[in-house]
Amino acid sequence: MTPPAPLLAARSLTLSRGGRELFRDLSLAIGPGDLVQLEGPNGVGKTSLLRILAGLSRYGYEGAVERSGALLYLGHKSAVKAQLTPRENLALHVGGEGSHGDAAIEGALAEVGLYGYEDVPSHTLSAGQQRRVNLARLYLCSSPLWLLDEPFTAIDRAGVGQLQSLFVQHVEGGGAVLLTSHQPLAVDYPVRALTLSQGSAA
Amino acid sequence: MTPPAPLLAARSLTLSRGGRELFRDLSLAIGPGDLVQLEGPNGVGKTSLLRILAGLSRYGYEGAVERSGALLYLGHKSAVKAQLTPRENLALHVGGEGSHGDAAIEGALAEVGLYGYEDVPSHTLSAGQQRRVNLARLYLCSSPLWLLDEPFTAIDRAGVGQLQSLFVQHVEGGGAVLLTSHQPLAVDYPVRALTLSQGSAA
Amino acid sequence: MWSFFHKLGSPPWLYGIAGSILRYLLPVTVIALVVGAVWGLLFTAPDFRQGNSYRIIYIHVPAAVVALAGYYVMAAAGAVSLIWRMKMADVAMKAAAPIGAALTFVALFTGSVWGKPTWGTWWVWDARITSMLVLLFLYLGVVALYEAFDNKEAASKACAVLSLVGMVNIPIIYKSVDWWYSLHQPASIKFTGESTIDSSMLYPLLLMITAFYCLFACAMLMNMRAELLEREAKTGWVRKLAAEGAH
Amino acid sequence: MSTPPGAAAFCLRLVRRQLLLAFRRPIDIANPLVFFAMVIALFPLGLGPAPDQLAAFAPGVLWIIALLSNLLTSDTVFRGDYDDGSLEQLLLAPQPLYLSGLAYICAHWLVTGLPLVLISPLFAVMLNLPAAGILALALSLLLGTAVLSLVGAIGAALTVGLRRGGMLISLLILPLYMPVLIFGSACVQAAVTGVPTGPYLAILGAMLSLAIALAPLAVAAGLRISIDA
Amino acid sequence: MSTPPGAAAFCLRLVRRQLLLAFRRPIDIANPLVFFAMVIALFPLGLGPAPDQLAAFAPGVLWIIALLSNLLTSDTVFRGDYDDGSLEQLLLAPQPLYLSGLAYICAHWLVTGLPLVLISPLFAVMLNLPAAGILALALSLLLGTAVLSLVGAIGAALTVGLRRGGMLISLLILPLYMPVLIFGSACVQAAVTGVPTGPYLAILGAMLSLAIALAPLAVAAGLRISIDA
Ligand code: HEM
Ligand SMILES: Nc1ncnc2c1ncn2[C@@H]1O[C@H](COP(=O)(O)OP(=O)(O)OP(=O)(O)O)[C@@H](O)[C@H]1O
Ligand SMILES: Nc1ncnc2c1ncn2[C@@H]1O[C@H](COP(=O)(O)OP(=O)(O)OP(=O)(O)O)[C@@H](O)[C@H]1O
Ligand SMILES: [Mg+2]
Ligand SMILES: [Mg+2]
């Protein structure tokens, strides 16, 4: 069997920020079925790498990134409009995906535990609930590749468990997930660990 | 031995938000030596409770809170000025504590792993490093009572361990810590768990 | 005294008392308005200079007078809410603001409608008009600030602070605008400030002013009742009221 | 699951979203108007109330205030979306950024420029602008505020990544506003003095076409740079 | 460990912090000035450049612009601190909020009002203000901008907890600015026409004393409310 074509391939990425070299000659490929956890201590360059891979950072690094197909990136900031309700946030999302039916949106909100909160302004939600609004996109979006920067921030224990099983389901269905997190994943699926360390050439 | 006078006492707190009752008749007292972890799923009212205890929320709840002595509150927002360096952030803090000597500040920054980053603008720091700037105040501040809302957010594993031992050290020295976190604490000290649940009267 | 204060703080009591006041005040207001209007509009002689257009005075002047008084009512309620932390003062303040803004607007609007035949222009920067315009902004500020807050209890407190700041400033604003106008001494028309108004016109006017005061009081009480119901929607007495209403 | 929508549908969704955001707080729409009204009140206070003098200055003053109130709001076009991370998502969307930018600008004009155009006759009367100038004022504002929104968005896109861009933006875009101001107030002046206003409106229209063609390009480039700042 | 500093030392620290923040981006200090300069350039463009007319309007125009440039910056006094959580810390500090608020206002005036005062003679010359009026302009601005900063801070404190307070603040505080505008521009006018300016400055001084005494109270109350919005 030939290995499936990668969804994302990066070749010899080198990045320095603020006079420190974060990584050098870093190459990686992510294909269908990959569940990759990017690890490393604070400030080692995980977010920077993720933004380069997503195509948000375009300047100041060397190397090349190739993406095939749509990707979903969720960063440190939650992209939830405080004035809009969770339902409106999902219906009028700027992320470029198709418009979802009302039933789909309600289903996704119920999945992330926001049943009953569909129509309150998002700024009245708690920190974790606001992040959950954003995470509901994972249930709606059809992009095969997910790049997630600390998706478990502010999420309670039950929520973390549920997200992890969603990731497994996604990669088992032919998708791929690259996430950063300081917590170990507790899943029944081989997790590829990608560890950055000071000045690493992983 | 009479129990030590509490640093913080709350009597029959009742709070409803957005038409939901979050807690009713909640009373608690925190005295020297207490290490209290406030637990509960997302949106159950942990942050709201903490803000009432700290004295930030003044409207819309019933009950009384008594505080004796200074307290240190660290919330979801990190209170770090992006344009200032970590050193300046600590030296010119608005929290009302005394001004710290340069050696003390350097020591605290080194403790939280920011050695070498003392003099870069804080907005060039990573998410975790920015939170660490704020956490450095724990090493400088003399307030006996700490109220911490998810202090481990964005902190790497080594950092979490170190913070936990700091908490133990603080309560052993006669202080008190009330923190919220979705991670269990791994410390060698009796942790009082205070669990909020939907409509609880803990 | 204290028991009165205490009662004032109780929503059901206030709701009830406002209702019984309204029961008498509302008819009085309607009668005064109708009598004043009919008297003023039909049974007074036309002005020798302005003909019939002057009759708008029976709306214009009462609206202006009551609008100004309304601000002090609002600010007084704000002060009570801040000093004694009385929630019912919040309700009163919130109720007064839109009414005051509406009356100010009516005064300005009828003024311009009147100005066109009288002065040949819709608008002049007269001292009194300018300061009334400023008053409109002050009212709108309170309304807008209230709407902008989500925590309505905090909103009331913020509006209380704002209306107190405004109250300190109103005399300053009025004095300075007056003074500004006399400084520039424009060649244009002035209000006939000291004009002696004929008593045949004066009495209906006084009646209309009284009627507008009553109107203000009625509107405020009705607003307060609506606001009370909204705030206390989840409490027993409102539920009981709704149940009674259903039968 | 759904396929990504076409660019047109996507733009429509963006416009709807921005309008909804604005209408969620009607005060945001009323505010530029109130600002306009209040600054108009400042002018007689500063310059003196004499009606004929005011009338002479009315065209310029009205246009200057329109420009300032546009300046004050243009910072907000992308600011909110940058702060909460929506902008990152917009940049990653497959639809062309040129069109998305245009959608944002369009929504901004609908909630700030258009109400100003509609209410401008009232303000004109307050400043004693002769009746002959009122139509010219509304028409020139109609074209001019659209140009201002387009140009303002360039400044907003370039400074959105900077903390406290608010003031920097005025520095960047005020010079670009000046041609609009000159022709706009000249147009009203012409109408008041009885000169035909057609040429002025034609020039404003030409500026508008140019701005529609070019400004979204600059906006798209500016956003991509800002997100990386 | 150190004991909490006295209120005076604490206020000094706050002022130093705010000044440092401003100087970290010199553009923030230059900006009100550049805004002032550019709007001054707008007036001849909008109103027509006849020098004698300009001179007649210079006192009013200069004061109106000073007021607008203050208005533009007053939103920022507490905004940054609210957004990043510093304000929560300030409210929890044991020192009286009255004084901390005053420290913020003081810093704001030092970076916006004072530079304007210092550079105002230059702008006065640009608008052909007669030489006699220049000292009066600088003095009236000195007192007046301080009042504006104090009053503006009230609006800033009341709106800081609201998303997009930016425009609301102008509605709240512009009416309160008007007396300052009237006496400020009248003062310059008086100097130009040879009337003694003493009484005007005295009135501005009285306003300043009143504002210093009362505004920080309202600011403190406003901040406590806003943090809970
Ligand atoms: C658009 C604004 C306004 C216009 C065009 C306007 C116009 C007028 C006119 C034409 C008169 C009759 C004057 C005369 O008999 O020569 C009048 C009278 C009066 N106006 Fe107004 N008005 C305006 C706003 C106001 C406001 C805001 C107030 C309140 C502060 C006010 C208070 C009065 C009073 C008390 C009188 C009658 C007493 C008197 O004759 O002096 N007006 N107004
Ligand atoms: N301003 C507000 N208006 C109305 N409801 C609010 C407001 N703020 C919070 N709430 C509600 O209060 C509840 C508790 O919020 P809180 O932030 O205290 O939760 P939390 O326990 O800290 O959750 P998390 O673990 O997600 O941080 C939430 O359900 C939320 O919907
Ligand atoms: N704009 C910038 N200018 C200069 N240096 C920067 C900039 N942004 C980040 N850095 C530096 O890049 C390094 C990596 O930052 P990054 O945010 O990628 O770390 P991270 O691995 O995501 O850390 P965390 O676990 O805290 O989120 C940090 O040391 C930081 O100091
Ligand atoms: Mg990171
Ligand atoms: Mg929380």
# chains A, B, ... in the order shown; residues from 1 in each chain; ligands from 1
>>> interface_residues(of="chain A", to="chain B", cutoff="12 Å", atoms="only C-alpha atoms", output="PyMOL selection string")
chain A and resi 17-20+22+39-48+75-77+112-114+116-117+119-132+149-160+180-184
>>> residues_around(residues="D:Ala131", least_positions_apart="2", cutoff="12 Å", atoms="only C-alpha atoms", output="list in words")
Thr121 and Trp122 of chain C; Ala55, Ala58, Pro59, Pro121, Leu122, Phe123, Ala124, Val125, Met126, Leu127, Asn128, Leu129, Gly133, Ile134, Leu135, Ala136, Leu137, Ala138, Val188, Gln189, Ala191, Val192, Thr193 and Gly194 of chain D
>>> write_last_selection(atoms="N, CA, C and O atoms", output="short mmCIF file (atom, residue, chain, number, x, y, z; two decimals), in the first residue's frame")
data_model
loop_
_atom_site.label_atom_id
_atom_site.label_comp_id
_atom_site.auth_asym_id
_atom_site.auth_seq_id
_atom_site.Cartn_x
_atom_site.Cartn_y
_atom_site.Cartn_z
N THR C 121 -37.34 80.96 9.93
CA THR C 121 -36.28 79.96 9.88
C THR C 121 -36.61 78.85 10.87
O THR C 121 -37.26 79.08 11.89
N TRP C 122 -36.17 77.66 10.54
CA TRP C 122 -36.48 76.53 11.41
C TRP C 122 -35.67 76.57 12.69
O TRP C 122 -36.07 76.06 13.71
N ALA D 55 -24.08 80.37 7.88
CA ALA D 55 -24.49 79.88 6.57
C ALA D 55 -23.30 79.85 5.62
O ALA D 55 -23.14 78.91 4.83
N ALA D 58 -21.33 76.84 6.45
CA ALA D 58 -22.03 75.56 6.59
C ALA D 58 -21.49 74.46 5.67
O ALA D 58 -21.24 73.35 6.14
N PRO D 59 -21.28 74.71 4.36
CA PRO D 59 -20.83 73.60 3.51
C PRO D 59 -19.53 72.98 4.03
O PRO D 59 -19.44 71.75 4.19
N PRO D 121 -29.93 66.66 5.63
CA PRO D 121 -30.76 67.87 5.44
C PRO D 121 -31.13 68.54 6.76
O PRO D 121 -31.11 69.77 6.88
N LEU D 122 -31.43 67.72 7.78
CA LEU D 122 -31.78 68.29 9.08
C LEU D 122 -30.64 69.15 9.62
O LEU D 122 -30.82 70.28 10.06
N PHE D 123 -29.45 68.57 9.57
CA PHE D 123 -28.31 69.31 10.10
C PHE D 123 -28.03 70.56 9.26
O PHE D 123 -27.61 71.59 9.78
N ALA D 124 -28.25 70.41 7.96
CA ALA D 124 -28.04 71.57 7.10
C ALA D 124 -28.95 72.72 7.53
O ALA D 124 -28.52 73.87 7.60
N VAL D 125 -30.19 72.38 7.84
CA VAL D 125 -31.11 73.43 8.28
C VAL D 125 -30.62 74.06 9.58
O VAL D 125 -30.68 75.27 9.77
N MET D 126 -30.08 73.23 10.46
CA MET D 126 -29.61 73.77 11.74
C MET D 126 -28.48 74.77 11.54
O MET D 126 -28.28 75.66 12.35
N LEU D 127 -27.69 74.56 10.51
CA LEU D 127 -26.59 75.50 10.26
C LEU D 127 -27.00 76.56 9.25
O LEU D 127 -26.13 77.25 8.69
N ASN D 128 -28.29 76.68 8.98
CA ASN D 128 -28.78 77.71 8.08
C ASN D 128 -28.23 77.60 6.66
O ASN D 128 -28.05 78.60 5.98
N LEU D 129 -27.95 76.39 6.23
CA LEU D 129 -27.50 76.23 4.84
C LEU D 129 -28.67 76.59 3.93
O LEU D 129 -29.79 76.11 4.13
N GLY D 133 -28.59 74.38 -1.37
CA GLY D 133 -27.43 73.52 -1.17
C GLY D 133 -27.77 72.15 -0.63
O GLY D 133 -26.92 71.26 -0.61
N ILE D 134 -29.00 71.96 -0.20
CA ILE D 134 -29.29 70.75 0.56
C ILE D 134 -29.21 69.49 -0.30
O ILE D 134 -28.60 68.49 0.11
N LEU D 135 -29.76 69.55 -1.50
CA LEU D 135 -29.68 68.37 -2.36
C LEU D 135 -28.23 68.06 -2.71
O LEU D 135 -27.79 66.91 -2.66
N ALA D 136 -27.49 69.12 -3.04
CA ALA D 136 -26.09 68.91 -3.37
C ALA D 136 -25.33 68.30 -2.19
O ALA D 136 -24.48 67.42 -2.37
N LEU D 137 -25.68 68.75 -0.99
CA LEU D 137 -25.03 68.19 0.20
C LEU D 137 -25.31 66.71 0.31
O LEU D 137 -24.39 65.89 0.47
N ALA D 138 -26.58 66.34 0.18
CA ALA D 138 -26.92 64.92 0.33
C ALA D 138 -26.24 64.09 -0.75
O ALA D 138 -25.67 63.03 -0.47
N VAL D 188 -21.12 71.63 -2.61
CA VAL D 188 -22.19 72.29 -1.89
C VAL D 188 -22.11 73.80 -2.09
O VAL D 188 -23.11 74.48 -2.35
N GLN D 189 -20.89 74.30 -2.01
CA GLN D 189 -20.68 75.73 -2.22
C GLN D 189 -21.21 76.16 -3.59
O GLN D 189 -21.88 77.19 -3.72
N ALA D 191 -23.52 74.73 -5.38
CA ALA D 191 -24.99 74.71 -5.41
C ALA D 191 -25.54 75.97 -4.75
O ALA D 191 -26.51 76.56 -5.23
N VAL D 192 -24.92 76.38 -3.64
CA VAL D 192 -25.41 77.56 -2.94
C VAL D 192 -25.28 78.80 -3.81
O VAL D 192 -26.17 79.65 -3.84
N THR D 193 -24.18 78.89 -4.54
CA THR D 193 -23.96 80.08 -5.35
C THR D 193 -24.56 79.94 -6.75
O THR D 193 -24.39 80.81 -7.59
N GLY D 194 -25.23 78.85 -7.01
CA GLY D 194 -25.95 78.71 -8.27
C GLY D 194 -25.16 78.15 -9.43
O GLY D 194 -25.64 78.12 -10.57
#
>>> select_by_dssp(residues="chain D", states="alpha helix (DSSP H)", output="PyMOL selection string")
chain D and resi 7-24+26-47+51-74+76-84+86-92+97-108+114-126+132-159+166-193+198-226
>>> residues_around(residues="D:Arg224", least_positions_apart="4", cutoff="9 Å", atoms="only C-alpha atoms", output="MDAnalysis selection string")
(chainID A and resid 56:58) or (chainID D and resid 91 157 219:220 228)
>>> interface_residues(of="chain D", to="chain E", cutoff="8 Å", atoms="only C-alpha atoms", output="compact mmCIF listing (two decimals) with all heavy atoms, in the first residue's frame")
# COMPACT_ATOMS: atom_id res chain seq x y z
N ILE D 27 -27.52 51.61 19.40
CA ILE D 27 -26.81 52.80 19.81
C ILE D 27 -25.58 53.04 18.94
O ILE D 27 -25.16 54.16 18.71
CB ILE D 27 -26.43 52.67 21.31
CG1 ILE D 27 -25.99 54.00 21.88
CG2 ILE D 27 -25.36 51.64 21.52
CD1 ILE D 27 -27.12 54.92 22.05
N ASP D 28 -25.02 51.96 18.43
CA ASP D 28 -23.84 52.11 17.58
C ASP D 28 -24.16 52.81 16.28
O ASP D 28 -23.31 53.47 15.69
CB ASP D 28 -23.25 50.74 17.25
CG ASP D 28 -22.39 50.24 18.38
OD1 ASP D 28 -22.08 51.05 19.26
OD2 ASP D 28 -22.03 49.06 18.37
N ASN D 31 -25.05 56.55 17.10
CA ASN D 31 -23.98 57.34 17.66
C ASN D 31 -23.27 58.27 16.68
O ASN D 31 -23.06 59.43 17.00
CB ASN D 31 -22.98 56.44 18.34
CG ASN D 31 -22.99 56.67 19.82
OD1 ASN D 31 -23.21 57.78 20.26
ND2 ASN D 31 -22.78 55.63 20.58
N PRO D 32 -22.90 57.79 15.50
CA PRO D 32 -22.28 58.73 14.56
C PRO D 32 -23.19 59.92 14.29
O PRO D 32 -22.73 61.05 14.16
CB PRO D 32 -22.08 57.91 13.30
CG PRO D 32 -22.02 56.51 13.76
CD PRO D 32 -22.92 56.43 14.95
N VAL D 34 -25.49 61.17 16.40
CA VAL D 34 -25.49 62.05 17.56
C VAL D 34 -24.18 62.82 17.62
O VAL D 34 -24.14 64.01 17.93
CB VAL D 34 -25.71 61.22 18.83
CG1 VAL D 34 -25.64 62.11 20.04
CG2 VAL D 34 -27.04 60.52 18.77
N PHE D 35 -23.11 62.12 17.29
CA PHE D 35 -21.82 62.80 17.27
C PHE D 35 -21.87 63.97 16.29
O PHE D 35 -21.47 65.09 16.60
CB PHE D 35 -20.74 61.81 16.85
CG PHE D 35 -19.39 62.43 16.70
CD1 PHE D 35 -18.59 62.68 17.79
CD2 PHE D 35 -18.93 62.80 15.45
CE1 PHE D 35 -17.36 63.27 17.64
CE2 PHE D 35 -17.70 63.39 15.29
CZ PHE D 35 -16.92 63.63 16.39
N MET D 38 -23.82 66.76 17.70
CA MET D 38 -23.19 67.49 18.79
C MET D 38 -22.05 68.35 18.31
O MET D 38 -21.86 69.47 18.79
CB MET D 38 -22.73 66.51 19.85
CG MET D 38 -23.83 66.33 20.87
SD MET D 38 -23.28 65.47 22.26
CE MET D 38 -22.64 64.06 21.50
N LEU D 42 -21.17 72.39 18.43
CA LEU D 42 -19.93 73.02 18.88
C LEU D 42 -19.56 74.22 18.03
O LEU D 42 -18.99 75.18 18.53
CB LEU D 42 -18.77 72.02 18.83
CG LEU D 42 -18.76 70.86 19.80
CD1 LEU D 42 -17.48 70.08 19.63
CD2 LEU D 42 -18.87 71.36 21.22
N PHE D 43 -19.88 74.14 16.75
CA PHE D 43 -19.39 75.20 15.88
C PHE D 43 -19.99 76.56 16.20
O PHE D 43 -19.24 77.52 16.37
CB PHE D 43 -19.58 74.81 14.41
CG PHE D 43 -18.43 73.97 13.94
CD1 PHE D 43 -18.41 72.61 14.15
CD2 PHE D 43 -17.33 74.55 13.32
CE1 PHE D 43 -17.35 71.85 13.76
CE2 PHE D 43 -16.26 73.79 12.92
CZ PHE D 43 -16.27 72.43 13.13
N LEU D 45 -21.10 77.41 18.97
CA LEU D 45 -20.58 77.78 20.28
C LEU D 45 -19.18 78.36 20.17
O LEU D 45 -18.82 79.29 20.88
CB LEU D 45 -20.56 76.57 21.21
CG LEU D 45 -21.92 76.10 21.73
CD1 LEU D 45 -21.75 74.90 22.63
CD2 LEU D 45 -22.61 77.22 22.48
N GLY D 46 -18.37 77.80 19.30
CA GLY D 46 -17.02 78.29 19.16
C GLY D 46 -16.94 79.52 18.29
O GLY D 46 -16.13 80.42 18.51
N LEU D 47 -17.79 79.56 17.26
CA LEU D 47 -17.63 80.61 16.26
C LEU D 47 -18.62 81.75 16.42
O LEU D 47 -18.48 82.77 15.75
CB LEU D 47 -17.78 80.03 14.85
CG LEU D 47 -16.89 78.83 14.50
CD1 LEU D 47 -17.15 78.37 13.09
CD2 LEU D 47 -15.43 79.19 14.66
N PHE D 57 -20.30 79.31 6.31
CA PHE D 57 -19.38 78.22 6.61
C PHE D 57 -20.02 76.86 6.58
O PHE D 57 -19.33 75.85 6.68
CB PHE D 57 -18.74 78.46 7.98
CG PHE D 57 -17.70 79.52 7.92
CD1 PHE D 57 -17.99 80.81 8.27
CD2 PHE D 57 -16.43 79.19 7.47
CE1 PHE D 57 -17.02 81.78 8.17
CE2 PHE D 57 -15.47 80.18 7.38
CZ PHE D 57 -15.77 81.47 7.73
N PRO D 59 -21.28 74.71 4.36
CA PRO D 59 -20.83 73.60 3.51
C PRO D 59 -19.53 72.98 4.03
O PRO D 59 -19.44 71.75 4.19
CB PRO D 59 -20.60 74.27 2.15
CG PRO D 59 -21.43 75.49 2.18
CD PRO D 59 -21.46 75.95 3.60
N GLY D 60 -18.56 73.82 4.34
CA GLY D 60 -17.29 73.29 4.82
C GLY D 60 -17.44 72.59 6.15
O GLY D 60 -16.92 71.48 6.34
N VAL D 61 -18.16 73.22 7.05
CA VAL D 61 -18.29 72.64 8.39
C VAL D 61 -18.99 71.29 8.32
O VAL D 61 -18.55 70.31 8.93
CB VAL D 61 -19.04 73.62 9.32
CG1 VAL D 61 -19.51 72.91 10.57
CG2 VAL D 61 -18.15 74.78 9.68
N TRP D 63 -19.12 69.20 5.88
CA TRP D 63 -18.25 68.18 5.31
C TRP D 63 -17.13 67.79 6.26
O TRP D 63 -16.76 66.61 6.35
CB TRP D 63 -17.69 68.66 3.96
CG TRP D 63 -18.39 67.95 2.86
CD1 TRP D 63 -19.42 68.39 2.10
CD2 TRP D 63 -18.10 66.62 2.45
NE1 TRP D 63 -19.81 67.42 1.24
CE2 TRP D 63 -19.02 66.32 1.42
CE3 TRP D 63 -17.19 65.65 2.83
CZ2 TRP D 63 -19.03 65.09 0.78
CZ3 TRP D 63 -17.19 64.43 2.19
CH2 TRP D 63 -18.11 64.16 1.18
N ILE D 64 -16.59 68.77 6.98
CA ILE D 64 -15.51 68.44 7.93
C ILE D 64 -16.05 67.50 9.01
O ILE D 64 -15.39 66.52 9.40
CB ILE D 64 -14.95 69.72 8.57
CG1 ILE D 64 -14.12 70.48 7.54
CG2 ILE D 64 -14.08 69.39 9.77
CD1 ILE D 64 -13.61 71.81 8.03
N LEU D 72 -13.70 58.67 13.01
CA LEU D 72 -13.83 58.09 14.34
C LEU D 72 -14.29 56.64 14.28
O LEU D 72 -13.96 55.85 15.16
CB LEU D 72 -14.85 58.89 15.15
CG LEU D 72 -14.32 60.16 15.74
CD1 LEU D 72 -15.40 60.85 16.54
CD2 LEU D 72 -13.15 59.84 16.64
N THR D 73 -15.08 56.30 13.27
CA THR D 73 -15.60 54.94 13.25
C THR D 73 -14.76 54.00 12.41
O THR D 73 -14.88 52.79 12.56
CB THR D 73 -17.03 54.90 12.69
OG1 THR D 73 -17.03 55.56 11.43
CG2 THR D 73 -18.01 55.57 13.62
N MET D 167 -5.35 56.13 16.92
CA MET D 167 -4.92 57.46 16.53
C MET D 167 -4.02 57.43 15.31
O MET D 167 -4.02 58.34 14.50
CB MET D 167 -4.17 58.09 17.70
CG MET D 167 -5.08 58.84 18.62
SD MET D 167 -4.77 60.59 18.39
CE MET D 167 -6.37 61.23 18.10
N LEU D 168 -3.29 56.35 15.22
CA LEU D 168 -2.38 56.23 14.09
C LEU D 168 -3.16 56.30 12.79
O LEU D 168 -2.72 56.88 11.80
CB LEU D 168 -1.63 54.90 14.19
CG LEU D 168 -0.54 54.68 13.15
CD1 LEU D 168 0.49 55.77 13.27
CD2 LEU D 168 0.11 53.34 13.36
N SER D 170 -5.68 57.99 12.04
CA SER D 170 -6.03 59.32 11.57
C SER D 170 -4.85 59.92 10.81
O SER D 170 -5.01 60.63 9.83
CB SER D 170 -6.42 60.21 12.74
OG SER D 170 -5.38 60.29 13.67
N LEU D 171 -3.67 59.58 11.30
CA LEU D 171 -2.47 60.07 10.63
C LEU D 171 -2.37 59.52 9.22
O LEU D 171 -2.02 60.21 8.27
CB LEU D 171 -1.29 59.57 11.46
CG LEU D 171 0.03 60.25 11.27
CD1 LEU D 171 -0.01 61.51 12.09
CD2 LEU D 171 1.12 59.35 11.76
N LEU D 174 -6.04 60.67 7.02
CA LEU D 174 -6.54 62.03 6.83
C LEU D 174 -6.05 62.65 5.52
O LEU D 174 -6.85 63.28 4.81
CB LEU D 174 -6.18 62.92 8.02
CG LEU D 174 -7.32 63.19 8.99
CD1 LEU D 174 -6.90 64.18 10.06
CD2 LEU D 174 -8.54 63.73 8.26
N PRO D 175 -4.78 62.48 5.19
CA PRO D 175 -4.35 63.09 3.91
C PRO D 175 -5.14 62.54 2.72
O PRO D 175 -5.41 63.29 1.78
CB PRO D 175 -2.89 62.70 3.81
CG PRO D 175 -2.46 62.40 5.18
CD PRO D 175 -3.66 61.86 5.89
N MET D 178 -8.50 64.23 2.06
CA MET D 178 -8.59 65.65 1.71
C MET D 178 -9.22 65.91 0.35
O MET D 178 -10.05 66.82 0.25
CB MET D 178 -7.21 66.28 1.81
CG MET D 178 -6.77 66.29 3.26
SD MET D 178 -5.55 67.51 3.61
CE MET D 178 -5.41 67.31 5.38
N LEU D 181 -12.85 65.88 0.73
CA LEU D 181 -13.33 67.07 1.43
C LEU D 181 -13.39 68.26 0.48
O LEU D 181 -14.38 69.00 0.44
CB LEU D 181 -12.41 67.37 2.60
CG LEU D 181 -12.67 68.69 3.31
CD1 LEU D 181 -14.00 68.65 4.02
CD2 LEU D 181 -11.56 69.01 4.28
N ILE D 182 -12.33 68.44 -0.30
CA ILE D 182 -12.26 69.61 -1.17
C ILE D 182 -13.41 69.60 -2.17
O ILE D 182 -14.16 70.57 -2.30
CB ILE D 182 -10.90 69.65 -1.89
CG1 ILE D 182 -9.80 69.90 -0.86
CG2 ILE D 182 -10.90 70.72 -2.96
CD1 ILE D 182 -8.42 69.81 -1.44
N SER D 185 -17.06 69.78 -0.37
CA SER D 185 -17.54 71.07 0.11
C SER D 185 -17.66 72.05 -1.06
O SER D 185 -18.55 72.90 -1.08
CB SER D 185 -16.63 71.62 1.21
OG SER D 185 -15.33 71.78 0.73
N ALA D 186 -16.80 71.90 -2.06
CA ALA D 186 -16.92 72.77 -3.23
C ALA D 186 -18.24 72.53 -3.94
O ALA D 186 -18.86 73.46 -4.46
CB ALA D 186 -15.75 72.53 -4.19
>>> select_by_dssp(residues="stretch 33-73 of chain B", states="strand (DSSP E)", output="list of chain:residue names")
B:Leu35, B:Val36, B:Gln37, B:Leu38, B:Glu39, B:Tyr61, B:Glu62, B:Gly63, B:Ala64, B:Val65, B:Glu66, B:Arg67, B:Leu71, B:Leu72, B:Tyr73
>>> write_last_selection(atoms="C-alpha atoms", output="short mmCIF file (atom, residue, chain, number, x, y, z; two decimals), in the first residue's frame")
data_model
loop_
_atom_site.label_atom_id
_atom_site.label_comp_id
_atom_site.auth_asym_id
_atom_site.auth_seq_id
_atom_site.Cartn_x
_atom_site.Cartn_y
_atom_site.Cartn_z
CA LEU B 35 -5.55 24.99 50.26
CA VAL B 36 -8.94 24.97 48.60
CA GLN B 37 -9.68 23.84 45.08
CA LEU B 38 -12.94 25.06 43.61
CA GLU B 39 -14.20 22.54 41.11
CA TYR B 61 -25.89 38.73 44.58
CA GLU B 62 -27.20 38.19 48.07
CA GLY B 63 -25.21 37.38 51.15
CA ALA B 64 -22.18 38.85 52.82
CA VAL B 65 -18.45 38.48 52.43
CA GLU B 66 -15.90 39.45 55.05
CA ARG B 67 -12.27 39.82 54.24
CA LEU B 71 -5.63 39.48 49.11
CA LEU B 72 -4.15 38.69 45.76
CA TYR B 73 -6.53 37.91 42.93
#
>>> closest_atom_pairs(of="chain C", to="chain E", cutoff="8 Å", atoms="only C-alpha atoms", output="tab-separated table")
residue	atom	partner	partner_atom	distance
C:Val134	CA	E:Pro175	CA	5.9
C:Phe137	CA	E:Pro175	CA	6.7
C:Leu138	CA	E:Pro175	CA	6.8
C:Leu140	CA	E:Leu171	CA	7.8
C:Gly141	CA	E:Leu172	CA	5.1
C:Val142	CA	E:Leu172	CA	7.8
C:Ala144	CA	E:Leu168	CA	7.5
C:Leu145	CA	E:Leu168	CA	7.5
C:Ala148	CA	E:Leu162	CA	6.9
C:Phe149	CA	E:Ala229	CA	6.1
C:Asp150	CA	E:Ala229	CA	6.4
C:Asn151	CA	E:Ala229	CA	5.4
C:Ala154	CA	E:Ile225	CA	5.7
C:Ala155	CA	E:Ala229	CA	7.4
C:Lys157	CA	E:Ile225	CA	6.9
C:Ala158	CA	E:Gly222	CA	6.2
C:Val161	CA	E:Ala218	CA	6.4
C:Val165	CA	E:Ala218	CA	7.5
C:Gly166	CA	E:Leu176	CA	7.5
C:Asn169	CA	E:Leu176	CA	6.7
C:Ile172	CA	E:Pro179	CA	6.9
C:Ile173	CA	E:Pro179	CA	5.6
C:Ser176	CA	E:Pro179	CA	5.7
C:Val177	CA	E:Pro179	CA	7.3
C:Trp180	CA	E:Ile182	CA	6.5
